[in-house]
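*Asks:* I'm passing along start15.txt; it holds compact mmCIF, C-alpha atoms.
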```txt
# COMPACT_ATOMS: atom_id res chain seq x y z
CA MET A 1 140.79 316.00 104.70
CA MET A 2 138.06 316.93 107.14
CA SER A 3 134.80 315.09 107.34
CA ARG A 4 131.56 316.81 106.44
CA GLY A 5 130.58 317.03 110.10
CA ALA A 6 133.90 318.67 111.03
CA THR A 7 133.53 321.21 108.18
CA THR A 8 130.10 322.14 109.51
CA VAL A 9 131.50 322.71 112.98
CA VAL A 10 134.35 324.89 111.63
CA ARG A 11 131.90 327.03 109.67
CA SER A 12 129.70 327.39 112.74
CA VAL A 13 132.65 328.34 114.89
CA MET A 14 133.97 330.85 112.33
CA GLY A 15 130.53 332.43 112.07
CA GLN A 16 130.33 332.96 115.83
CA MET A 17 133.92 334.16 116.23
CA GLY A 18 133.85 336.73 113.44
CA PRO A 19 136.76 338.10 111.35
CA ARG A 20 138.24 340.03 114.24
CA LEU A 21 139.13 336.91 116.16
CA PHE A 22 140.63 335.22 113.15
CA SER A 23 142.70 338.29 112.26
CA THR A 24 144.13 338.07 115.75
CA ALA A 25 144.67 334.39 115.41
CA ALA A 26 146.41 334.87 112.07
CA GLY A 27 149.09 336.92 113.76
CA ASN A 28 149.67 334.26 116.30
CA ALA A 29 151.77 331.44 114.89
CA SER A 30 150.99 328.99 117.63
CA ILE A 31 147.22 329.32 117.27
CA THR A 32 147.47 329.18 113.49
CA GLY A 33 149.48 326.01 113.85
CA VAL A 34 146.79 324.49 116.01
CA MET A 35 144.18 325.43 113.42
CA ARG A 36 146.11 323.75 110.66
CA ALA A 37 146.68 320.69 112.78
CA ASN A 38 142.99 320.45 113.60
CA ALA A 39 141.85 321.08 110.01
CA GLY A 40 144.44 319.15 108.03
CA LEU A 41 145.85 316.46 110.28
CA ILE A 42 143.36 315.47 112.89
CA GLY A 43 140.21 316.24 110.97
CA SER A 44 137.94 315.47 113.87
CA GLU A 45 134.94 317.39 115.03
CA LYS A 46 135.98 316.94 118.63
CA ALA A 47 139.44 318.45 118.04
CA VAL A 48 138.07 321.56 116.33
CA VAL A 49 135.60 322.19 119.12
CA THR A 50 138.36 321.70 121.70
CA TRP A 51 140.57 324.24 119.90
CA TRP A 52 137.70 326.71 119.82
CA ILE A 53 137.08 326.38 123.56
CA THR A 54 140.71 326.70 124.61
CA SER A 55 141.61 329.53 122.20
CA SER A 56 138.45 331.63 121.85
CA PRO A 57 137.78 334.59 124.15
CA ILE A 58 134.10 334.55 123.21
CA GLY A 59 132.78 334.22 126.76
CA ALA A 60 131.25 331.80 129.22
CA ARG A 61 127.94 331.33 127.43
CA HIS A 62 129.42 329.99 124.20
CA ALA A 63 131.84 327.92 126.23
CA SER A 64 128.90 325.77 127.27
CA THR A 65 129.25 324.17 123.83
CA MET A 66 131.84 321.98 125.52
CA THR A 67 129.08 319.41 125.72
CA LEU A 68 129.81 318.60 122.07
CA GLY A 69 133.13 317.15 123.16
CA GLU A 70 134.73 316.36 126.45
CA LYS A 71 134.85 318.86 129.26
CA VAL A 72 138.20 320.59 129.41
CA GLN A 73 139.82 320.08 132.80
CA GLN A 74 141.99 323.03 133.73
CA PRO A 75 145.30 322.20 135.45
CA ASP A 76 144.48 324.29 138.48
CA GLN A 77 141.09 322.62 139.07
CA LYS A 78 141.35 320.14 141.90
CA GLU A 79 138.78 317.95 143.50
CA GLU A 80 138.33 319.04 147.07
CA ALA A 81 138.10 316.42 149.75
CA THR A 82 135.15 316.60 152.11
CA GLY A 83 135.08 316.59 155.87
CA SER A 84 132.68 314.68 158.06
CA GLY A 85 129.07 314.49 157.09
CA GLY A 86 129.13 312.15 154.13
CA ALA A 87 126.44 311.64 151.58
CA ALA A 88 123.64 311.51 154.14
CA ALA A 89 124.44 315.01 155.29
CA GLY A 90 124.78 316.37 151.79
CA GLY A 91 128.34 317.39 152.57
CA HIS A 92 129.95 315.92 149.43
CA LYS A 93 131.44 318.63 147.24
CA GLY A 94 133.14 316.73 144.42
CA LYS A 95 134.10 318.59 141.24
CA GLU A 96 132.91 322.08 140.52
CA VAL A 97 129.99 322.35 138.13
CA VAL A 98 130.77 324.07 134.83
CA SER A 99 127.78 326.21 133.82
CA TYR A 100 127.13 329.68 132.42
CA TRP A 101 123.88 330.16 134.35
CA GLY A 102 125.66 331.96 137.14
CA VAL A 103 124.09 329.95 139.98
CA GLN A 104 126.80 329.80 142.60
CA PRO A 105 126.33 328.06 145.96
CA PRO A 106 126.61 330.60 148.77
CA LYS A 107 129.43 330.36 151.22
CA VAL A 108 127.79 329.78 154.60
CA THR A 109 129.62 330.06 157.90
CA LYS A 110 128.81 329.44 161.53
CA GLU A 111 128.60 332.18 164.13
CA ASP A 112 132.26 331.63 164.96
CA GLY A 113 133.26 332.11 161.31
CA SER A 114 134.04 328.44 160.61
CA GLU A 115 132.70 326.82 157.44
CA TRP A 116 129.20 325.32 157.52
CA LYS A 117 129.55 321.76 156.23
CA TRP A 118 125.91 320.69 155.84
CA HIS A 119 124.09 321.16 152.54
CA CYS A 120 120.80 319.59 153.63
CA PHE A 121 120.05 322.40 156.10
CA ARG A 122 121.37 325.86 156.91
CA PRO A 123 122.25 327.60 160.22
CA TRP A 124 119.03 329.62 160.18
CA GLU A 125 117.02 326.38 160.06
CA THR A 126 118.51 325.04 163.29
CA TYR A 127 116.78 325.38 166.65
CA GLN A 128 116.72 324.25 170.25
CA ALA A 129 113.95 321.74 170.95
CA ASP A 130 111.32 322.57 173.56
CA LEU A 131 111.63 319.69 176.02
CA SER A 132 108.97 321.09 178.35
CA ILE A 133 106.08 319.98 176.14
CA ASP A 134 103.52 317.63 177.71
CA LEU A 135 104.27 314.12 176.44
CA LYS A 136 101.17 312.49 177.96
CA LYS A 137 98.47 314.42 176.13
CA HIS A 138 96.08 312.13 174.30
CA HIS A 139 93.04 312.69 172.13
CA THR A 140 90.29 310.36 173.29
CA PRO A 141 88.47 308.98 170.25
CA THR A 142 84.76 309.72 170.36
CA THR A 143 83.43 309.87 166.79
CA PHE A 144 83.45 307.06 164.27
CA LEU A 145 86.31 308.61 162.29
CA ASP A 146 88.34 309.11 165.45
CA LYS A 147 87.93 305.46 166.39
CA LEU A 148 88.75 304.38 162.84
CA ALA A 149 91.96 306.43 162.94
CA TYR A 150 92.89 305.19 166.42
CA TRP A 151 92.45 301.48 165.71
CA THR A 152 94.10 301.77 162.30
CA VAL A 153 97.25 303.05 164.00
CA LYS A 154 97.04 300.45 166.78
CA SER A 155 96.75 297.66 164.19
CA LEU A 156 99.93 298.92 162.50
CA ARG A 157 101.88 298.77 165.74
CA PHE A 158 101.61 294.99 166.17
CA PRO A 159 103.63 293.97 163.04
CA THR A 160 106.15 296.69 163.86
CA ASP A 161 106.70 295.27 167.35
CA VAL A 162 107.10 291.75 165.95
CA PHE A 163 109.55 292.78 163.24
CA PHE A 164 111.84 295.13 165.17
CA GLN A 165 111.33 293.93 168.77
CA LYS A 166 114.02 295.72 170.86
CA ARG A 167 116.06 297.10 167.96
CA TYR A 168 114.95 300.66 168.58
CA GLY A 169 117.60 302.23 166.37
CA CYS A 170 116.29 300.42 163.29
CA ARG A 171 112.73 300.93 164.49
CA ALA A 172 113.27 304.69 164.71
CA MET A 173 114.78 304.74 161.23
CA MET A 174 111.82 302.87 159.75
CA LEU A 175 109.37 305.05 161.67
CA GLU A 176 110.86 308.23 160.20
CA THR A 177 110.62 306.96 156.61
CA VAL A 178 106.86 306.78 157.18
CA ALA A 179 106.45 309.84 159.41
CA ALA A 180 107.96 312.14 156.77
CA VAL A 181 105.25 311.23 154.22
CA PRO A 182 102.04 312.84 155.62
CA GLY A 183 103.41 316.39 155.79
CA MET A 184 104.58 316.20 152.19
CA VAL A 185 101.30 314.72 150.94
CA GLY A 186 99.18 317.21 152.87
CA GLY A 187 101.32 320.16 151.84
CA MET A 188 101.22 319.08 148.19
CA LEU A 189 97.44 318.70 148.14
CA LEU A 190 96.92 322.04 149.89
CA HIS A 191 99.29 323.63 147.41
CA CYS A 192 97.26 322.32 144.47
CA LYS A 193 94.02 323.37 146.17
CA SER A 194 95.37 326.89 146.70
CA LEU A 195 96.24 327.10 143.01
CA ARG A 196 92.85 325.83 141.87
CA ARG A 197 90.87 328.18 144.08
CA PHE A 198 93.13 331.21 143.79
CA GLU A 199 93.26 331.56 147.55
CA PRO A 200 95.91 331.51 150.30
CA SER A 201 96.44 328.53 152.58
CA GLY A 202 96.81 330.41 155.85
CA GLY A 203 100.41 329.20 156.10
CA TRP A 204 99.46 325.52 156.32
CA ILE A 205 101.40 324.53 153.20
CA LYS A 206 104.60 325.76 154.80
CA ALA A 207 103.71 324.26 158.17
CA LEU A 208 103.12 320.77 156.75
CA LEU A 209 106.21 320.84 154.53
CA GLU A 210 108.17 322.02 157.55
CA GLU A 211 106.92 318.97 159.43
CA ALA A 212 107.98 316.67 156.57
CA GLU A 213 111.45 318.21 156.47
CA ASN A 214 111.84 317.90 160.23
CA GLU A 215 110.91 314.21 160.10
CA ARG A 216 113.39 313.69 157.26
CA MET A 217 116.12 315.24 159.41
CA HIS A 218 115.28 312.67 162.08
CA LEU A 219 115.98 309.99 159.48
CA MET A 220 119.28 311.59 158.45
CA THR A 221 120.30 311.55 162.10
CA PHE A 222 119.42 307.93 162.82
CA MET A 223 121.14 306.85 159.60
CA GLU A 224 124.37 307.85 161.38
CA VAL A 225 123.50 305.66 164.38
CA SER A 226 121.97 302.55 162.85
CA LYS A 227 122.84 301.14 159.44
CA PRO A 228 119.86 299.42 157.79
CA ARG A 229 120.18 295.89 156.45
CA TRP A 230 119.31 295.05 152.87
CA TYR A 231 115.91 293.57 153.72
CA GLU A 232 115.07 296.61 155.86
CA ARG A 233 115.82 298.86 152.91
CA ALA A 234 113.57 296.67 150.77
CA LEU A 235 110.86 296.95 153.40
CA VAL A 236 111.08 300.75 153.21
CA PHE A 237 110.22 300.64 149.49
CA THR A 238 107.16 298.53 150.19
CA VAL A 239 105.90 300.37 153.26
CA GLN A 240 106.49 303.83 151.81
CA GLY A 241 104.79 302.94 148.53
CA VAL A 242 101.70 301.55 150.25
CA PHE A 243 101.48 304.25 152.91
CA PHE A 244 101.99 307.16 150.50
CA ASN A 245 99.15 306.10 148.24
CA ALA A 246 96.87 305.13 151.12
CA TYR A 247 97.41 308.45 152.89
CA PHE A 248 96.98 310.36 149.62
CA LEU A 249 93.56 308.78 149.09
CA ALA A 250 92.60 309.25 152.74
CA TYR A 251 93.45 312.95 152.59
CA LEU A 252 91.39 313.40 149.43
CA ALA A 253 88.43 311.61 151.03
CA SER A 254 88.64 313.16 154.51
CA PRO A 255 91.36 315.57 155.70
CA LYS A 256 89.98 315.35 159.25
CA LEU A 257 90.57 311.57 159.22
CA ALA A 258 94.03 311.91 157.67
CA HIS A 259 95.26 314.43 160.24
CA ARG A 260 93.76 312.40 163.09
CA ILE A 261 95.66 309.32 161.89
CA VAL A 262 98.91 311.31 161.94
CA GLY A 263 98.09 312.60 165.41
CA TYR A 264 97.78 309.04 166.70
CA LEU A 265 100.90 307.99 164.78
CA GLU A 266 102.83 310.69 166.62
CA GLU A 267 101.46 309.47 169.93
CA GLU A 268 102.83 306.03 169.11
CA ALA A 269 106.14 307.62 168.13
CA ILE A 270 106.36 309.26 171.56
CA HIS A 271 105.78 305.85 173.16
CA SER A 272 108.47 304.24 170.97
CA TYR A 273 111.07 306.86 171.82
CA THR A 274 110.21 306.58 175.51
CA GLU A 275 110.95 302.86 175.32
CA PHE A 276 114.15 303.71 173.44
CA LEU A 277 115.21 305.92 176.36
CA LYS A 278 114.50 303.15 178.85
CA GLU A 279 116.80 300.78 176.97
CA LEU A 280 119.51 303.44 176.90
CA ASP A 281 119.18 304.02 180.65
CA LYS A 282 119.39 300.28 181.34
CA GLY A 283 122.52 299.98 179.22
CA THR A 284 120.94 297.55 176.77
CA ILE A 285 121.72 300.02 173.99
CA GLU A 286 125.06 301.81 174.05
CA ASN A 287 124.75 305.52 174.69
CA VAL A 288 127.19 306.60 171.99
CA LYS A 289 128.25 310.12 171.10
CA ALA A 290 125.62 312.14 169.27
CA PRO A 291 126.13 312.43 165.50
CA ALA A 292 127.61 315.73 164.33
CA ILE A 293 124.56 316.45 162.21
CA ALA A 294 122.31 316.22 165.29
CA ILE A 295 124.55 318.53 167.32
CA ASP A 296 124.34 321.23 164.65
CA TYR A 297 120.66 320.78 163.78
CA TRP A 298 119.34 320.94 167.36
CA ARG A 299 122.16 323.18 168.66
CA LEU A 300 123.15 320.57 171.19
CA PRO A 301 126.29 320.79 173.36
CA ALA A 302 129.40 319.29 171.80
CA ASP A 303 129.49 316.45 174.34
CA SER A 304 125.89 315.34 173.73
CA THR A 305 125.03 311.65 173.47
CA LEU A 306 122.47 309.49 171.73
CA ARG A 307 120.16 309.91 174.73
CA ASP A 308 120.10 313.67 174.19
CA VAL A 309 119.22 313.12 170.53
CA VAL A 310 116.31 310.80 171.38
CA MET A 311 115.03 313.39 173.86
CA VAL A 312 114.84 316.18 171.27
CA VAL A 313 113.37 313.88 168.61
CA ARG A 314 110.66 312.79 171.03
CA ALA A 315 109.86 316.44 171.73
CA ASP A 316 109.55 317.09 167.99
CA GLU A 317 107.09 314.21 167.68
CA ALA A 318 104.99 315.66 170.50
CA HIS A 319 104.77 318.96 168.63
CA HIS A 320 103.73 317.19 165.43
CA ARG A 321 101.07 315.35 167.45
CA ASP A 322 99.60 318.67 168.59
CA VAL A 323 99.64 320.23 165.12
CA ASN A 324 97.85 317.32 163.44
CA HIS A 325 95.21 316.88 166.13
CA PHE A 326 94.65 320.65 165.93
CA ALA A 327 94.27 320.45 162.14
CA SER A 328 91.73 317.65 162.50
CA ASP A 329 89.79 319.68 165.08
CA ILE A 330 89.57 322.60 162.63
CA HIS A 331 87.89 320.34 160.07
CA TYR A 332 85.60 318.85 162.71
CA GLN A 333 84.32 322.36 163.45
CA GLY A 334 83.26 322.80 159.83
CA LEU A 335 86.15 325.10 158.92
CA GLU A 336 89.07 324.81 156.55
CA LEU A 337 92.72 325.02 157.52
CA LYS A 338 93.10 328.40 155.83
CA ASP A 339 90.56 329.82 158.31
CA SER A 340 93.04 329.40 161.18
CA PRO A 341 96.65 330.65 161.13
CA ALA A 342 99.10 327.78 160.82
CA PRO A 343 101.50 327.09 163.71
CA ILE A 344 104.62 327.68 161.60
CA GLY A 345 107.79 326.97 163.54
CA TYR A 346 105.82 325.40 166.40
CA HIS A 347 108.47 322.77 167.09
```
Rewrite the structure of this file - the entire thing - as structure tokens.
*Replies:*
Amino acid sequence: MMSRGATTVVRSVMGQMGPRLFSTAAGNASITGVMRANAGLIGSEKAVVTWWITSSPIGARHASTMTLGEKVQQPDQKEEATGSGGAAAGGHKGKEVVSYWGVQPPKVTKEDGSEWKWHCFRPWETYQADLSIDLKKHHTPTTFLDKLAYWTVKSLRFPTDVFFQKRYGCRAMMLETVAAVPGMVGGMLLHCKSLRRFEPSGGWIKALLEEAENERMHLMTFMEVSKPRWYERALVFTVQGVFFNAYFLAYLASPKLAHRIVGYLEEEAIHSYTEFLKELDKGTIENVKAPAIAIDYWRLPADSTLRDVVMVVRADEAHHRDVNHFASDIHYQGLELKDSPAPIGYH
């Protein structure tokens, strides 16, 4: 005898299927047998729902009711193994998602027709870094806010030097967890401002979010080179939490100060990566093969090394330096960012 809950499910299923389906099922001895087994012997809500899913030709939308019971694993569904890339690259496929929404991941290929293995970025987002940019440009602080930004950044460098010393791989990784925050915070606040005022941003929302994504890709790259220790991971939580909120408040109070701080942070990043290169050239740090994710993201030659990766990352930081000092200059001139076209794709 079926439970009350199972009877409710059967009635619901019969109402959705209609008499036509059951007339067809009545002529099919095997299906009728399954119905009797579900109704009279098993008497479980889960069994009835499973029969409905496996026997009913209702369609994909009603099949989403599988959430009432266990997902039905078809014999021909296999879990595909992934190639290189790992979780950091977003290359893990796993099992296929069962959904009636019709959102299918596109099949992306390289120019040579081979499969694109990265999910965290696409071929049209890759580029070749401009290594000709001037690395020695510096904004001399003149106003009070400039000096405040400059000495704030300088004061942050001392504990960083003490903690990481010559471990530039870990230093770079920590640096990128912080460097990816300002673009996201600035882009978010500009986005909200654009919505409140019903006005465009001049492309600056996209430019700042592009900067944040580029910095995050630096982190994904260095994660393949240097594995953080447990206390370094814990430090990331602390530093990111403090810096995010501090920068958020600074941007609300004074965007010109916030962008100037980032400009000086990028100048320090250039210095750090220059020291990194010196250690590589001296042989203190092994010049290993470049990670596959870096080769595809920056379109580097297949035989590239860690030194080549540091070179392109340093060039990216120089471009971010220019963009943020430029943004601060716009505010210093009494204008808003939307008044000047954003340097989208500058790096």
*Asks:* Using all atoms listed in the file, which of the listed residues (A:Arg233, A:Lys278, A:Lys110, A:His320) sits closest to Ala180 (chain A)?
*Replies:*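 Smallest separation from Ala180 (chain A) among the options: A:His320.
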*Asks:* Report as a Markdown table: every residue of region 109-180 of chain A with an atom at most 9 Å from region 201-222 of chain A, its closest pair of atoms, and their distance in Å to one decimal, counting only C-alpha atoms, with rows sorted by chain and ascending residue number.
*Replies:*
```
| residue | atom | partner | partner_atom | distance |
| --- | --- | --- | --- | --- |
| A:Cys120 | CA | A:Met217 | CA | 8.6 |
| A:Phe121 | CA | A:Met217 | CA | 8.8 |
| A:Gly169 | CA | A:Phe222 | CA | 7.0 |
| A:Cys170 | CA | A:Phe222 | CA | 8.1 |
| A:Ala172 | CA | A:Phe222 | CA | 7.2 |
| A:Met173 | CA | A:Leu219 | CA | 5.7 |
| A:Met174 | CA | A:Leu219 | CA | 8.3 |
| A:Leu175 | CA | A:Leu219 | CA | 8.5 |
| A:Glu176 | CA | A:Leu219 | CA | 5.5 |
| A:Thr177 | CA | A:Leu219 | CA | 6.8 |
| A:Val178 | CA | A:Glu215 | CA | 9.0 |
| A:Ala179 | CA | A:Glu215 | CA | 6.3 |
| A:Ala180 | CA | A:Ala212 | CA | 4.5 |
```
*Asks:* Quick one: contact table of region 79-192 of chain A to region 321-337 of chain A, 12 Å max, nearest atom pair and distance in Å to one decimal per residue, counting only C-alpha atoms, chain and number order, as JSON lines?
*Replies:*
```
{"residue": "A:Ile133", "atom": "CA", "partner": "A:Asp322", "partner_atom": "CA", "distance": 10.0}
{"residue": "A:Asp134", "atom": "CA", "partner": "A:Asp322", "partner_atom": "CA", "distance": 10.0}
{"residue": "A:Leu135", "atom": "CA", "partner": "A:Arg321", "partner_atom": "CA", "distance": 9.6}
{"residue": "A:Lys136", "atom": "CA", "partner": "A:Arg321", "partner_atom": "CA", "distance": 10.9}
{"residue": "A:Lys137", "atom": "CA", "partner": "A:Asp322", "partner_atom": "CA", "distance": 8.7}
{"residue": "A:His138", "atom": "CA", "partner": "A:Arg321", "partner_atom": "CA", "distance": 9.1}
{"residue": "A:His139", "atom": "CA", "partner": "A:His325", "partner_atom": "CA", "distance": 7.6}
{"residue": "A:Thr140", "atom": "CA", "partner": "A:His325", "partner_atom": "CA", "distance": 10.9}
{"residue": "A:Pro141", "atom": "CA", "partner": "A:His325", "partner_atom": "CA", "distance": 11.2}
{"residue": "A:Thr142", "atom": "CA", "partner": "A:Tyr332", "partner_atom": "CA", "distance": 11.9}
{"residue": "A:Thr143", "atom": "CA", "partner": "A:Tyr332", "partner_atom": "CA", "distance": 10.1}
{"residue": "A:Leu145", "atom": "CA", "partner": "A:Tyr332", "partner_atom": "CA", "distance": 10.3}
{"residue": "A:Asp146", "atom": "CA", "partner": "A:Ser328", "partner_atom": "CA", "distance": 9.7}
{"residue": "A:Ala149", "atom": "CA", "partner": "A:Ser328", "partner_atom": "CA", "distance": 11.2}
{"residue": "A:Tyr150", "atom": "CA", "partner": "A:His325", "partner_atom": "CA", "distance": 11.9}
{"residue": "A:Ala179", "atom": "CA", "partner": "A:Arg321", "partner_atom": "CA", "distance": 11.1}
{"residue": "A:Pro182", "atom": "CA", "partner": "A:Asn324", "partner_atom": "CA", "distance": 9.9}
{"residue": "A:Gly183", "atom": "CA", "partner": "A:Asn324", "partner_atom": "CA", "distance": 9.5}
{"residue": "A:Gly186", "atom": "CA", "partner": "A:Asn324", "partner_atom": "CA", "distance": 10.7}
{"residue": "A:Gly187", "atom": "CA", "partner": "A:Leu337", "partner_atom": "CA", "distance": 11.4}
{"residue": "A:Leu190", "atom": "CA", "partner": "A:Leu337", "partner_atom": "CA", "distance": 9.2}
```
*Asks:* Please dump the current selection as a short mmCIF file (atom, residue, chain, number, x, y, z; two decimals), in the coordinates of the input; keep C-alpha atoms.
*Replies:*
```cif
data_model
loop_
_atom_site.label_atom_id
_atom_site.label_comp_id
_atom_site.auth_asym_id
_atom_site.auth_seq_id
_atom_site.Cartn_x
_atom_site.Cartn_y
_atom_site.Cartn_z
CA ILE A 133 106.08 319.98 176.14
CA ASP A 134 103.52 317.63 177.71
CA LEU A 135 104.27 314.12 176.44
CA LYS A 136 101.17 312.49 177.96
CA LYS A 137 98.47 314.42 176.13
CA HIS A 138 96.08 312.13 174.30
CA HIS A 139 93.04 312.69 172.13
CA THR A 140 90.29 310.36 173.29
CA PRO A 141 88.47 308.98 170.25
CA THR A 142 84.76 309.72 170.36
CA THR A 143 83.43 309.87 166.79
CA LEU A 145 86.31 308.61 162.29
CA ASP A 146 88.34 309.11 165.45
CA ALA A 149 91.96 306.43 162.94
CA TYR A 150 92.89 305.19 166.42
CA ALA A 179 106.45 309.84 159.41
CA PRO A 182 102.04 312.84 155.62
CA GLY A 183 103.41 316.39 155.79
CA GLY A 186 99.18 317.21 152.87
CA GLY A 187 101.32 320.16 151.84
CA LEU A 190 96.92 322.04 149.89
#
```
*Asks:* For the atom pair CA of Gly241 (chain A) and CA of His259 (chain A), what is the interatomic distance in Å to one decimal place?
*Replies:*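 Spanning CA of Gly241 (chain A) to CA of His259 (chain A) is a straight-line distance of 19.0 Å.
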*Asks:* If I take CA of Arg122 (chain A) and CA of Gly345 (chain A), how far is one from the other in Å, to one decimal?
*Replies:*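 For CA of Arg122 (chain A) relative to CA of Gly345 (chain A), the distance reads 15.2 Å.
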*Asks:* Which of these, A:Phe244, A:Trp298, A:Trp230, A:Tyr273, has the shortest distance to Arg167 (chain A) once you count only C-alpha atoms?
*Replies:*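 Counting only C-alpha atoms, the residue closest to Arg167 (chain A) is A:Tyr273.
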*Asks:* Quick one, how far is CA of Arg260 (chain A) from CA of Leu156 (chain A)?
*Replies:*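 According to the coordinates, CA of Arg260 (chain A) and CA of Leu156 (chain A) are separated by 14.8 Å.
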*Asks:* Excluding Ile285 (chain A) and any residue of its chain fewer than 5 positions from it, enumerate the residues within 10 Å of it, using all atoms listed in the file, and give them as a list in words.
*Replies:* Lys166, Arg167, Tyr168, Gly169, Phe276, Leu277, Lys278, Glu279, Leu280 and Leu306 of chain A
*Asks:* Pick from A:Pro343, A:Phe164, A:Val312, A:Phe243: nearest to Ile261 (chain A), with all atoms listed in the file counted?
*Replies:*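 Of A:Pro343, A:Phe164, A:Val312, A:Phe243, the one nearest Ile261 (chain A) is A:Phe243, counting all atoms listed in the file.
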*Asks:* So that I can check the surroundings of Ser155 (chain A), please list as a ChimeraX atom specification every protein, DNA and RNA residue that reaches within 12 Å of it, counting all atoms listed in the file and ignoring chain neighbours fewer than 5 positions away.
*Replies:* /A:147-150,160-161,261,264-265,268
